[in-house]
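Everything below belongs to coords-v3.cif, which stores mmCIF, C-alpha atoms and all ligand atoms.
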data_query
#
loop_
_atom_site.label_atom_id
_atom_site.label_comp_id
_atom_site.auth_asym_id
_atom_site.auth_seq_id
_atom_site.Cartn_x
_atom_site.Cartn_y
_atom_site.Cartn_z
CA MET A 9 122.84 26.68 243.05
CA GLN A 10 120.05 26.52 245.61
CA ARG A 11 117.99 29.64 246.28
CA LEU A 12 117.31 30.71 249.88
CA THR A 13 113.70 29.55 250.00
CA GLN A 14 114.49 26.18 248.37
CA PHE A 15 117.28 25.57 250.88
CA LEU A 16 115.18 26.56 253.90
CA LYS A 17 112.33 24.26 252.80
CA GLN A 18 114.80 21.37 252.35
CA ASP A 19 116.28 22.29 255.77
CA GLU A 20 112.74 21.86 257.19
CA THR A 21 112.46 25.47 258.35
CA PRO A 22 108.81 26.20 259.27
CA ALA A 23 106.90 28.01 256.50
CA ASP A 24 106.06 31.08 258.61
CA LEU A 25 109.73 31.53 259.56
CA ILE A 26 110.73 31.24 255.88
CA GLU A 27 108.15 33.95 255.10
CA LEU A 28 109.59 36.23 257.81
CA ILE A 29 113.18 35.68 256.67
CA ASN A 30 112.20 36.48 253.07
CA LEU A 31 110.43 39.62 254.28
CA LEU A 32 113.56 40.72 256.15
CA MET A 33 115.62 40.03 253.03
CA SER A 34 113.34 42.20 250.89
CA ALA A 35 114.06 45.08 253.28
CA CYS A 36 117.81 44.37 253.34
CA LYS A 37 117.94 44.28 249.52
CA GLU A 38 116.44 47.78 249.56
CA VAL A 39 119.05 48.88 252.12
CA ASN A 40 121.75 47.35 249.92
CA SER A 41 120.66 49.32 246.87
CA LYS A 42 120.59 52.55 248.93
CA LEU A 43 124.16 51.83 250.07
CA GLN A 44 125.26 51.05 246.51
CA ASN A 45 123.97 54.46 245.37
CA GLY A 46 125.32 56.28 248.44
CA ALA A 47 126.69 59.65 247.37
CA LEU A 48 124.69 59.49 244.10
CA GLU A 49 121.53 59.93 246.18
CA GLY A 50 123.11 62.46 248.54
CA ILE A 51 122.43 60.13 251.49
CA LEU A 52 125.90 59.87 253.01
CA GLY A 53 126.97 61.84 256.05
CA SER A 54 125.36 62.72 259.34
CA ALA A 55 121.64 62.96 259.99
CA GLU A 56 122.45 65.71 262.55
CA HIS A 57 120.45 63.78 265.19
CA GLU A 58 121.40 61.63 268.18
CA ASN A 59 119.79 58.24 268.73
CA VAL A 60 118.79 56.67 272.05
CA GLN A 61 122.39 55.42 272.38
CA GLY A 62 123.64 59.02 272.39
CA GLU A 63 125.34 58.41 269.02
CA VAL A 64 125.03 60.85 266.11
CA GLN A 65 123.02 59.01 263.45
CA LYS A 66 124.12 58.75 259.83
CA LYS A 67 121.46 59.48 257.23
CA LEU A 68 121.67 55.83 256.18
CA ASP A 69 121.12 54.65 259.78
CA VAL A 70 117.75 56.40 259.67
CA ILE A 71 116.94 55.25 256.13
CA ALA A 72 117.83 51.61 256.88
CA ASN A 73 115.85 51.69 260.11
CA ASP A 74 112.79 53.14 258.38
CA ILE A 75 112.94 50.56 255.56
CA ILE A 76 113.13 47.59 257.94
CA LYS A 77 110.57 49.03 260.38
CA LEU A 78 108.06 49.72 257.58
CA THR A 79 108.53 46.28 256.03
CA LEU A 80 108.12 44.40 259.32
CA SER A 81 105.19 46.51 260.51
CA GLN A 82 103.20 45.34 257.48
CA SER A 83 103.63 41.67 258.38
CA ALA A 84 100.98 39.62 260.19
CA LEU A 85 103.82 37.44 261.47
CA VAL A 86 105.49 40.17 263.56
CA ARG A 87 104.07 41.10 266.99
CA GLY A 88 106.68 43.85 267.37
CA MET A 89 110.25 44.95 266.85
CA ALA A 90 113.10 46.54 268.80
CA SER A 91 115.75 48.51 266.93
CA GLU A 92 119.01 50.13 267.97
CA GLU A 93 117.57 53.31 266.46
CA GLU A 94 114.25 53.23 268.36
CA GLU A 95 114.00 54.22 272.04
CA HIS A 96 111.14 51.76 272.64
CA SER A 97 109.78 48.66 270.92
CA VAL A 98 107.39 49.21 268.00
CA ALA A 99 104.17 47.16 267.86
CA ALA A 100 103.15 45.55 264.56
CA ASP A 101 100.44 42.85 264.39
CA LEU A 102 99.09 41.91 267.82
CA ASP A 103 98.46 38.35 266.61
CA GLY A 104 102.02 38.03 265.33
CA LYS A 105 104.01 35.07 266.65
CA PHE A 106 107.50 36.58 266.27
CA LEU A 107 109.45 39.43 267.82
CA VAL A 108 112.35 40.87 265.82
CA THR A 109 115.30 42.85 267.17
CA PHE A 110 117.74 44.48 264.78
CA ASP A 111 120.66 46.81 264.33
CA PRO A 112 119.69 48.30 260.97
CA LEU A 113 123.17 49.41 259.99
CA ASP A 114 126.00 48.17 262.19
CA GLY A 115 129.37 49.81 261.68
CA SER A 116 127.80 52.90 260.16
CA SER A 117 130.83 55.03 261.07
CA ASN A 118 132.41 53.18 258.13
CA ILE A 119 129.79 54.16 255.54
CA ASP A 120 131.39 57.47 254.55
CA VAL A 121 134.73 55.71 253.97
CA ASN A 122 133.11 52.88 251.96
CA VAL A 123 133.99 50.05 254.35
CA SER A 124 131.68 47.04 254.88
CA VAL A 125 128.64 47.51 257.13
CA GLY A 126 125.73 45.21 257.92
CA THR A 127 122.25 44.61 259.26
CA ILE A 128 122.07 42.30 262.29
CA PHE A 129 118.78 40.62 263.23
CA SER A 130 117.42 38.29 265.90
CA ILE A 131 114.05 36.49 265.88
CA LEU A 132 112.40 35.65 269.21
CA PRO A 133 109.05 34.04 270.04
CA ALA A 134 106.26 36.49 270.95
CA PRO A 135 105.04 35.62 274.49
CA LYS A 136 101.79 33.64 274.25
CA ASP A 137 100.19 35.33 277.26
CA ALA A 138 101.10 38.90 276.29
CA THR A 139 98.42 41.32 275.15
CA GLY A 140 99.96 43.88 272.84
CA CYS A 141 103.70 44.56 272.58
CA LYS A 142 105.83 45.92 275.42
CA ASP A 143 109.59 46.35 275.84
CA GLU A 144 109.42 43.67 278.55
CA ASP A 145 108.27 41.08 275.98
CA PHE A 146 111.72 41.32 274.35
CA LEU A 147 113.67 40.67 277.55
CA GLN A 148 114.38 37.03 276.72
CA PRO A 149 117.87 35.50 276.97
CA GLY A 150 119.69 34.75 273.72
CA ASN A 151 119.16 31.01 274.22
CA GLN A 152 115.47 31.64 273.36
CA GLN A 153 116.27 32.91 269.86
CA ILE A 154 114.46 31.08 267.03
CA ALA A 155 116.81 32.43 264.36
CA ALA A 156 119.58 35.01 263.96
CA GLY A 157 121.72 36.41 261.20
CA TYR A 158 123.23 39.34 259.44
CA VAL A 159 123.35 40.80 255.96
CA LEU A 160 126.89 41.97 255.15
CA TYR A 161 126.98 44.82 252.63
CA GLY A 162 130.51 44.23 251.37
CA PRO A 163 132.16 43.42 248.05
CA SER A 164 129.34 40.84 247.90
CA CYS A 165 126.01 41.21 249.65
CA LEU A 166 125.80 38.13 251.88
CA LEU A 167 123.16 36.69 254.20
CA VAL A 168 124.61 34.60 257.05
CA LEU A 169 121.79 32.79 258.83
CA THR A 170 121.05 30.23 261.50
CA THR A 171 117.65 28.81 262.43
CA GLY A 172 119.26 26.55 265.03
CA ASN A 173 120.44 23.96 262.52
CA GLY A 174 123.95 25.25 261.74
CA VAL A 175 125.12 28.37 259.89
CA ASP A 176 124.67 28.86 256.16
CA VAL A 177 125.85 31.62 253.80
CA PHE A 178 123.86 32.99 250.85
CA THR A 179 125.13 35.42 248.20
CA LEU A 180 122.85 37.97 246.54
CA GLY A 181 122.72 37.53 242.77
CA HIS A 182 122.05 40.23 240.18
CA ASN A 183 118.50 38.86 239.87
CA GLY A 184 117.71 39.69 243.49
CA GLU A 185 117.82 36.07 244.66
CA PHE A 186 120.02 34.87 247.55
CA TYR A 187 121.93 31.69 246.56
CA LEU A 188 123.46 29.15 248.98
CA THR A 189 127.25 29.56 248.69
CA ARG A 190 128.48 27.94 251.94
CA GLU A 191 126.70 25.34 254.06
CA LYS A 192 127.01 24.43 257.78
CA ILE A 193 130.18 26.45 258.30
CA GLN A 194 132.45 25.67 261.25
CA ILE A 195 134.82 28.06 263.03
CA PRO A 196 138.35 26.59 263.38
CA GLU A 197 138.92 25.78 267.08
CA THR A 198 142.36 27.43 267.10
CA THR A 199 143.56 30.69 265.56
CA ARG A 200 146.43 33.11 265.23
CA GLU A 201 144.26 36.18 264.65
CA PHE A 202 142.70 38.52 267.22
CA ALA A 203 140.48 41.56 266.78
CA ILE A 204 140.35 44.33 269.39
CA ASN A 205 140.59 48.14 269.39
CA MET A 206 144.13 48.43 270.78
CA SER A 207 143.75 52.17 271.42
CA ASN A 208 141.67 51.25 274.49
CA GLN A 209 144.46 49.13 276.03
CA ARG A 210 144.98 51.35 279.08
CA PHE A 211 141.24 51.28 279.87
CA TRP A 212 140.83 47.46 279.90
CA ASP A 213 140.49 45.21 282.93
CA LYS A 214 143.82 43.59 283.92
CA PRO A 215 142.88 40.05 282.70
CA VAL A 216 142.26 41.46 279.18
CA GLN A 217 145.49 43.50 279.34
CA ASP A 218 147.39 40.36 280.39
CA TYR A 219 145.76 38.20 277.70
CA ILE A 220 146.53 40.64 274.87
CA SER A 221 150.04 41.28 276.23
CA ASP A 222 150.71 37.52 276.11
CA LEU A 223 149.46 37.32 272.51
CA LEU A 224 151.77 40.18 271.54
CA GLN A 225 154.79 38.30 272.95
CA GLY A 226 154.32 35.84 270.11
CA GLU A 227 156.32 32.61 269.82
CA ASP A 228 158.62 33.52 272.77
CA GLY A 229 155.66 34.31 275.01
CA PRO A 230 153.32 32.08 277.08
CA ARG A 231 151.09 31.32 274.06
CA GLY A 232 154.06 30.00 272.06
CA LYS A 233 152.95 31.29 268.66
CA ARG A 234 152.89 34.52 266.61
CA TYR A 235 149.51 36.26 266.30
CA ASN A 236 148.16 38.70 263.71
CA MET A 237 145.64 41.48 264.41
CA ARG A 238 142.65 42.83 262.50
CA TRP A 239 140.25 45.68 263.42
CA VAL A 240 137.61 46.83 260.90
CA ALA A 241 135.44 48.65 263.46
CA SER A 242 132.41 46.92 261.96
CA MET A 243 131.29 43.97 264.09
CA VAL A 244 129.54 42.30 261.15
CA ALA A 245 132.79 42.29 259.13
CA GLU A 246 134.80 40.98 262.10
CA VAL A 247 132.33 38.19 262.86
CA HIS A 248 132.15 37.22 259.19
CA ARG A 249 135.95 36.92 259.01
CA ILE A 250 135.90 34.76 262.16
CA LEU A 251 133.10 32.53 260.86
CA THR A 252 135.04 32.17 257.62
CA ARG A 253 138.63 31.56 258.86
CA GLY A 254 138.62 31.64 262.65
CA GLY A 255 139.83 34.29 265.08
CA VAL A 256 138.83 35.91 268.34
CA PHE A 257 136.94 39.23 268.64
CA LEU A 258 136.97 41.24 271.87
CA TYR A 259 135.03 44.33 272.83
CA PRO A 260 135.42 44.09 276.62
CA TRP A 261 134.36 46.37 279.45
CA ASP A 262 136.63 49.38 279.80
CA SER A 263 136.99 52.19 282.31
CA ARG A 264 135.99 54.97 279.90
CA GLU A 265 132.33 54.37 280.84
CA PRO A 266 132.72 52.08 283.90
CA LYS A 267 128.99 51.86 284.56
CA LYS A 268 128.42 50.20 281.18
CA PRO A 269 129.34 46.49 280.85
CA GLY A 270 130.61 47.17 277.33
CA LYS A 271 130.00 49.15 274.15
CA LEU A 272 128.04 46.55 272.17
CA ARG A 273 124.34 45.91 272.64
CA LEU A 274 123.04 42.58 273.92
CA MET A 275 119.69 42.22 272.18
CA TYR A 276 120.64 43.04 268.57
CA GLU A 277 124.41 42.57 268.46
CA GLY A 278 125.63 40.26 271.23
CA ASN A 279 122.82 37.70 271.16
CA PRO A 280 122.40 37.18 267.39
CA MET A 281 126.17 37.03 266.84
CA SER A 282 126.53 34.62 269.77
CA MET A 283 123.88 32.27 268.33
CA LEU A 284 125.71 32.26 264.99
CA VAL A 285 129.13 31.68 266.58
CA GLU A 286 127.87 28.87 268.83
CA GLN A 287 126.00 27.22 265.93
CA ALA A 288 129.31 27.29 264.02
CA GLY A 289 131.16 25.52 266.85
CA GLY A 290 132.68 28.63 268.43
CA ARG A 291 132.10 30.25 271.82
CA SER A 292 130.76 33.69 272.87
CA VAL A 293 131.04 35.04 276.43
CA ASN A 294 130.84 38.30 278.41
CA THR A 295 134.05 37.19 280.28
CA GLN A 296 131.85 35.71 283.06
CA LYS A 297 129.45 33.40 281.18
CA GLU A 298 127.88 32.57 277.80
CA ILE A 299 126.24 35.71 276.40
CA VAL A 300 123.12 33.75 275.39
CA ASP A 301 122.52 32.96 279.08
CA VAL A 302 122.49 36.64 280.16
CA GLU A 303 119.03 37.67 281.43
CA PRO A 304 118.33 41.05 279.73
CA GLN A 305 117.16 43.96 281.92
CA ASN A 306 116.39 46.44 279.13
CA ILE A 307 116.19 46.34 275.34
CA HIS A 308 119.26 48.57 274.86
CA GLU A 309 121.38 46.83 277.47
CA ARG A 310 125.09 46.67 276.66
CA VAL A 311 127.36 43.67 276.99
CA SER A 312 131.08 42.85 277.05
CA VAL A 313 131.83 40.54 274.10
CA VAL A 314 134.54 37.92 273.57
CA LEU A 315 133.67 35.53 270.73
CA GLY A 316 135.20 33.22 268.14
CA SER A 317 137.55 30.24 268.09
CA LYS A 318 136.82 28.14 271.17
CA GLU A 319 140.45 27.73 272.32
CA GLU A 320 141.01 31.50 272.54
CA VAL A 321 137.67 32.30 274.18
CA ASP A 322 138.40 29.56 276.75
CA ALA A 323 141.81 31.21 277.30
CA VAL A 324 140.24 34.62 277.96
CA MET A 325 137.86 33.01 280.48
CA ASP A 326 140.86 31.38 282.20
CA TYR A 327 142.64 34.74 282.50
CA HIS A 328 139.52 36.07 284.25
CA LYS A 329 139.12 33.01 286.50
CA ASN A 330 142.79 33.20 287.53
CA ALA A 331 142.62 37.01 288.14
P1 LIG B 401 135.22 51.39 268.01
C1 LIG B 401 130.25 49.94 265.30
O1 LIG B 401 129.98 51.25 265.74
C2 LIG B 401 130.32 49.05 266.52
O2 LIG B 401 129.11 49.08 267.21
C3 LIG B 401 130.69 47.64 266.10
O3 LIG B 401 130.20 47.31 264.86
C4 LIG B 401 132.22 47.68 266.11
O4 LIG B 401 132.80 46.42 266.38
C5 LIG B 401 132.53 48.67 267.23
O5 LIG B 401 131.38 49.51 267.37
C6 LIG B 401 133.73 49.54 266.89
O6 LIG B 401 133.96 50.36 268.01
O7 LIG B 401 135.28 51.88 269.45
O8 LIG B 401 136.44 50.61 267.62
O9 LIG B 401 134.86 52.47 267.01
#

Let's see the structure in the file written out as structure tokens.
Amino acid sequence: MQRLTQFLKQDETPADLIELINLLMSACKEVNSKLQNGALEGILGSAEHENVQGEVQKKLDVIANDIIKLTLSQSALVRGMASEEEEHSVAADLDGKFLVTFDPLDGSSNIDVNVSVGTIFSILPAPKDATGCKDEDFLQPGNQQIAAGYVLYGPSCLLVLTTGNGVDVFTLGHNGEFYLTREKIQIPETTREFAINMSNQRFWDKPVQDYISDLLQGEDGPRGKRYNMRWVASMVAEVHRILTRGGVFLYPWDSREPKKPGKLRLMYEGNPMSMLVEQAGGRSVNTQKEIVDVEPQNIHERVSVVLGSKEEVDAVMDYHKNA
């Protein structure tokens, strides 16, 4: 089986990007071993502190963020980083050619119940004309991403990565090497599986209510087939299922916090996942347009997300166009 570095070299990934990806993986392997130990190291539970999102941090949110931040800050390749757990961007090497955004531990509400969580990352070009590292440097649309991926800490520890040349899956071996286990994966264009938090049904916009209602009518309804539902409450796990067997994931705007376009964050959730989904032949929109075409206004900006099998995402867009 091919190791990560061998595969990336054969895939003609530039050497400095391979170095950065390997650096990120060294941090994620450390996060993985922390997660594996969990209660044995007394690191489960709440950190008794709110992050910039207003969410109570888990101890492992802080630990994972510190591991990745420390690792990247020691790299001459990284100009700076933006993390879900950091109010502002963090400068690294002012000659660095890459910017990195990341959600250090997505789905962390699942940690204490031992359900899959993940690290999501996005690699952007550092602006050539910039001196230093400012939040504004990160405000690039998702279509500028050089690479994107996630590490899924599940039954297996997997890296799912795109550098713009398709999506490939690597499995972490006992020897600490990531091995290529699936190559150039493609999302099935049609599906019978949707993922949404149904408890928010009364808060959704009418087009989303109508779309989901039609799915629930099954074979006798307007979609003419029976659908199944999944909700893990860990975006990384949902996206991985969709990349693996198809499906549609929705976290749309809802009226609980009407001023926010959605719950998920654009820079380190929406954009990297959208690059992966598009590279795998799927589609990812904010119900108005492709997420990767959204012009970010701030590094913690939120976004409504509908992604996955193209036929279903097209259908959701039609429900909005016809509204
Ligand atoms: P809810 C995890 O907190 C997360 O950001 C995503 O990983 C996940 O899809 C979503 O929120 C779950 O949200 O409202 O169902 O708990």

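With all atoms listed in the file as the atoms that count, the minimum distance from A:Glu265 to the choices A:Gln10, A:Thr198, A:Ser83, A:Asn208 is reached by A:Asn208.
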
So that I can check the surroundings of stretch 180-193 of chain A, please list as a PyMOL selection string every protein, DNA and RNA residue that reaches within 7 Å of it, counting only C-alpha atoms and ignoring chain neighbours fewer than 6 positions away. chain A and resi 9-12+165-166+174+288

File dump, residues just selected, C-alpha atoms, as a PDB file, keeping the file's coordinate frame:
ATOM      1  CA  MET A   9     122.840  26.680 243.050  1.00  0.00           C
ATOM      2  CA  GLN A  10     120.050  26.520 245.610  1.00  0.00           C
ATOM      3  CA  ARG A  11     117.990  29.640 246.280  1.00  0.00           C
ATOM      4  CA  LEU A  12     117.310  30.710 249.880  1.00  0.00           C
ATOM      5  CA  CYS A 165     126.010  41.210 249.650  1.00  0.00           C
ATOM      6  CA  LEU A 166     125.800  38.130 251.880  1.00  0.00           C
ATOM      7  CA  GLY A 174     123.950  25.250 261.740  1.00  0.00           C
ATOM      8  CA  ALA A 288     129.310  27.290 264.020  1.00  0.00           C
TER       9      ALA A 288
END

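For ligand LIG 401 (chain B), the neighbouring polymer residues at 7 Å or closer are Asp114, Gly115, Ser116, Ser117, Asn205, Ala241, Ser242, Met243, Val244, Lys271 and Leu272 of chain A, only C-alpha atoms and all ligand atoms being used.
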
Would you mind exporting the chosen residues as a short mmCIF file (atom, residue, chain, number, x, y, z; two decimals), in the frame of the given file, restricted to C-alpha atoms?
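As a result, part04.cif now contains:
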data_model
loop_
_atom_site.label_atom_id
_atom_site.label_comp_id
_atom_site.auth_asym_id
_atom_site.auth_seq_id
_atom_site.Cartn_x
_atom_site.Cartn_y
_atom_site.Cartn_z
CA ASP A 114 126.00 48.17 262.19
CA GLY A 115 129.37 49.81 261.68
CA SER A 116 127.80 52.90 260.16
CA SER A 117 130.83 55.03 261.07
CA ASN A 205 140.59 48.14 269.39
CA ALA A 241 135.44 48.65 263.46
CA SER A 242 132.41 46.92 261.96
CA MET A 243 131.29 43.97 264.09
CA VAL A 244 129.54 42.30 261.15
CA LYS A 271 130.00 49.15 274.15
CA LEU A 272 128.04 46.55 272.17
#

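Within a radius of 12 Å around (110.8, 52.6, 257.9), the polymer residues are Ala35, Cys36, Glu38, Val39, Leu68, Asp69, Val70, Ile71, Ala72, Asn73, Asp74, Ile75, Ile76, Lys77, Leu78, Thr79, Leu80, Ser81, Gln82, Met89, Ser91, Glu93, Glu94, Val98 and Pro112 of chain A, counting all atoms listed in the file.
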
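Nearest-residue note for A:Tyr259: choosing from A:Arg291, A:His96, A:Lys214, A:Arg310, the minimum distance belongs to A:Arg310, counting only C-alpha atoms.
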
Quick one: which stretch 182-283 of chain A residues come within 9 Å of stretch 149-152 of chain A, and what is the nearest atom pair for each with the distance in Å to one decimal, counting only C-alpha atoms, rows ordered by chain and ascending number, as a Markdown table?
| residue | atom | partner | partner_atom | distance |
| --- | --- | --- | --- | --- |
| A:Leu274 | CA | A:Gly150 | CA | 8.5 |
| A:Met275 | CA | A:Gly150 | CA | 7.6 |
| A:Gly278 | CA | A:Gly150 | CA | 8.5 |
| A:Asn279 | CA | A:Gly150 | CA | 5.0 |
| A:Pro280 | CA | A:Gly150 | CA | 7.3 |
| A:Ser282 | CA | A:Gly150 | CA | 7.9 |
| A:Met283 | CA | A:Gly150 | CA | 7.3 |

Could you name the residues that touch A:Leu52 at 8 Å or less, counting only C-alpha atoms, but leaving out those on the same chain fewer than 2 positions away, as a count of residues only? 9

Provide stretch 174-184 of chain A rebuilt to all heavy atoms, formatted as a tab-separated table (two decimals), keeping the file's coordinate frame.
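Output file result.tsv is given in full below:
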chain	number	residue	atom	x	y	z
A	174	GLY	N	122.69	24.91	262.40
A	174	GLY	CA	123.95	25.25	261.74
A	174	GLY	C	123.88	26.63	261.10
A	174	GLY	O	122.85	27.31	261.16
A	175	VAL	N	125.00	27.03	260.49
A	175	VAL	CA	125.12	28.37	259.89
A	175	VAL	C	125.36	28.23	258.40
A	175	VAL	O	126.25	27.49	257.97
A	175	VAL	CB	126.29	29.15	260.53
A	175	VAL	CG1	126.45	30.54	259.88
A	175	VAL	CG2	126.06	29.33	262.04
A	176	ASP	N	124.56	28.95	257.62
A	176	ASP	CA	124.67	28.86	256.16
A	176	ASP	C	124.83	30.26	255.56
A	176	ASP	O	124.32	31.24	256.12
A	176	ASP	CB	123.43	28.18	255.58
A	176	ASP	CG	123.18	26.82	256.23
A	176	ASP	OD1	124.03	25.93	256.06
A	176	ASP	OD2	122.18	26.69	256.98
A	177	VAL	N	125.54	30.34	254.45
A	177	VAL	CA	125.85	31.62	253.80
A	177	VAL	C	125.20	31.67	252.42
A	177	VAL	O	125.26	30.68	251.67
A	177	VAL	CB	127.37	31.80	253.65
A	177	VAL	CG1	127.71	33.16	253.02
A	177	VAL	CG2	128.06	31.68	255.00
A	178	PHE	N	124.55	32.80	252.13
A	178	PHE	CA	123.86	32.99	250.85
A	178	PHE	C	124.38	34.29	250.23
A	178	PHE	O	124.55	35.29	250.93
A	178	PHE	CB	122.35	33.09	251.08
A	178	PHE	CG	121.77	31.91	251.82
A	178	PHE	CD1	121.79	31.87	253.21
A	178	PHE	CD2	121.21	30.84	251.13
A	178	PHE	CE1	121.27	30.78	253.91
A	178	PHE	CE2	120.69	29.74	251.82
A	178	PHE	CZ	120.72	29.71	253.20
A	179	THR	N	124.62	34.24	248.92
A	179	THR	CA	125.13	35.42	248.20
A	179	THR	C	124.03	35.99	247.30
A	179	THR	O	123.34	35.24	246.61
A	179	THR	CB	126.35	35.02	247.36
A	179	THR	OG1	127.37	34.50	248.24
A	179	THR	CG2	126.93	36.23	246.61
A	180	LEU	N	123.89	37.31	247.34
A	180	LEU	CA	122.85	37.97	246.54
A	180	LEU	C	123.28	38.05	245.08
A	180	LEU	O	124.36	38.57	244.77
A	180	LEU	CB	122.59	39.39	247.08
A	180	LEU	CG	121.49	40.19	246.39
A	180	LEU	CD1	120.12	39.52	246.57
A	180	LEU	CD2	121.45	41.62	246.94
A	181	GLY	N	122.43	37.49	244.21
A	181	GLY	CA	122.72	37.53	242.77
A	181	GLY	C	122.15	38.79	242.14
A	181	GLY	O	121.36	39.51	242.77
A	182	HIS	N	122.52	39.03	240.89
A	182	HIS	CA	122.05	40.23	240.18
A	182	HIS	C	120.52	40.20	240.00
A	182	HIS	O	119.87	41.22	239.83
A	182	HIS	CB	122.72	40.34	238.80
A	182	HIS	CG	124.17	40.69	238.91
A	182	HIS	ND1	124.61	41.90	239.43
A	182	HIS	CD2	125.31	39.99	238.63
A	182	HIS	CE1	125.94	41.94	239.43
A	182	HIS	NE2	126.39	40.78	238.95
A	183	ASN	N	119.96	38.97	240.08
A	183	ASN	CA	118.50	38.86	239.87
A	183	ASN	C	117.71	39.05	241.15
A	183	ASN	O	116.51	38.81	241.20
A	183	ASN	CB	118.17	37.48	239.25
A	183	ASN	CG	118.58	36.34	240.19
A	183	ASN	OD1	119.20	36.60	241.24
A	183	ASN	ND2	118.25	35.13	239.82
A	184	GLY	N	118.43	39.43	242.23
A	184	GLY	CA	117.71	39.69	243.49
A	184	GLY	C	117.45	38.45	244.32
A	184	GLY	O	116.78	38.52	245.35
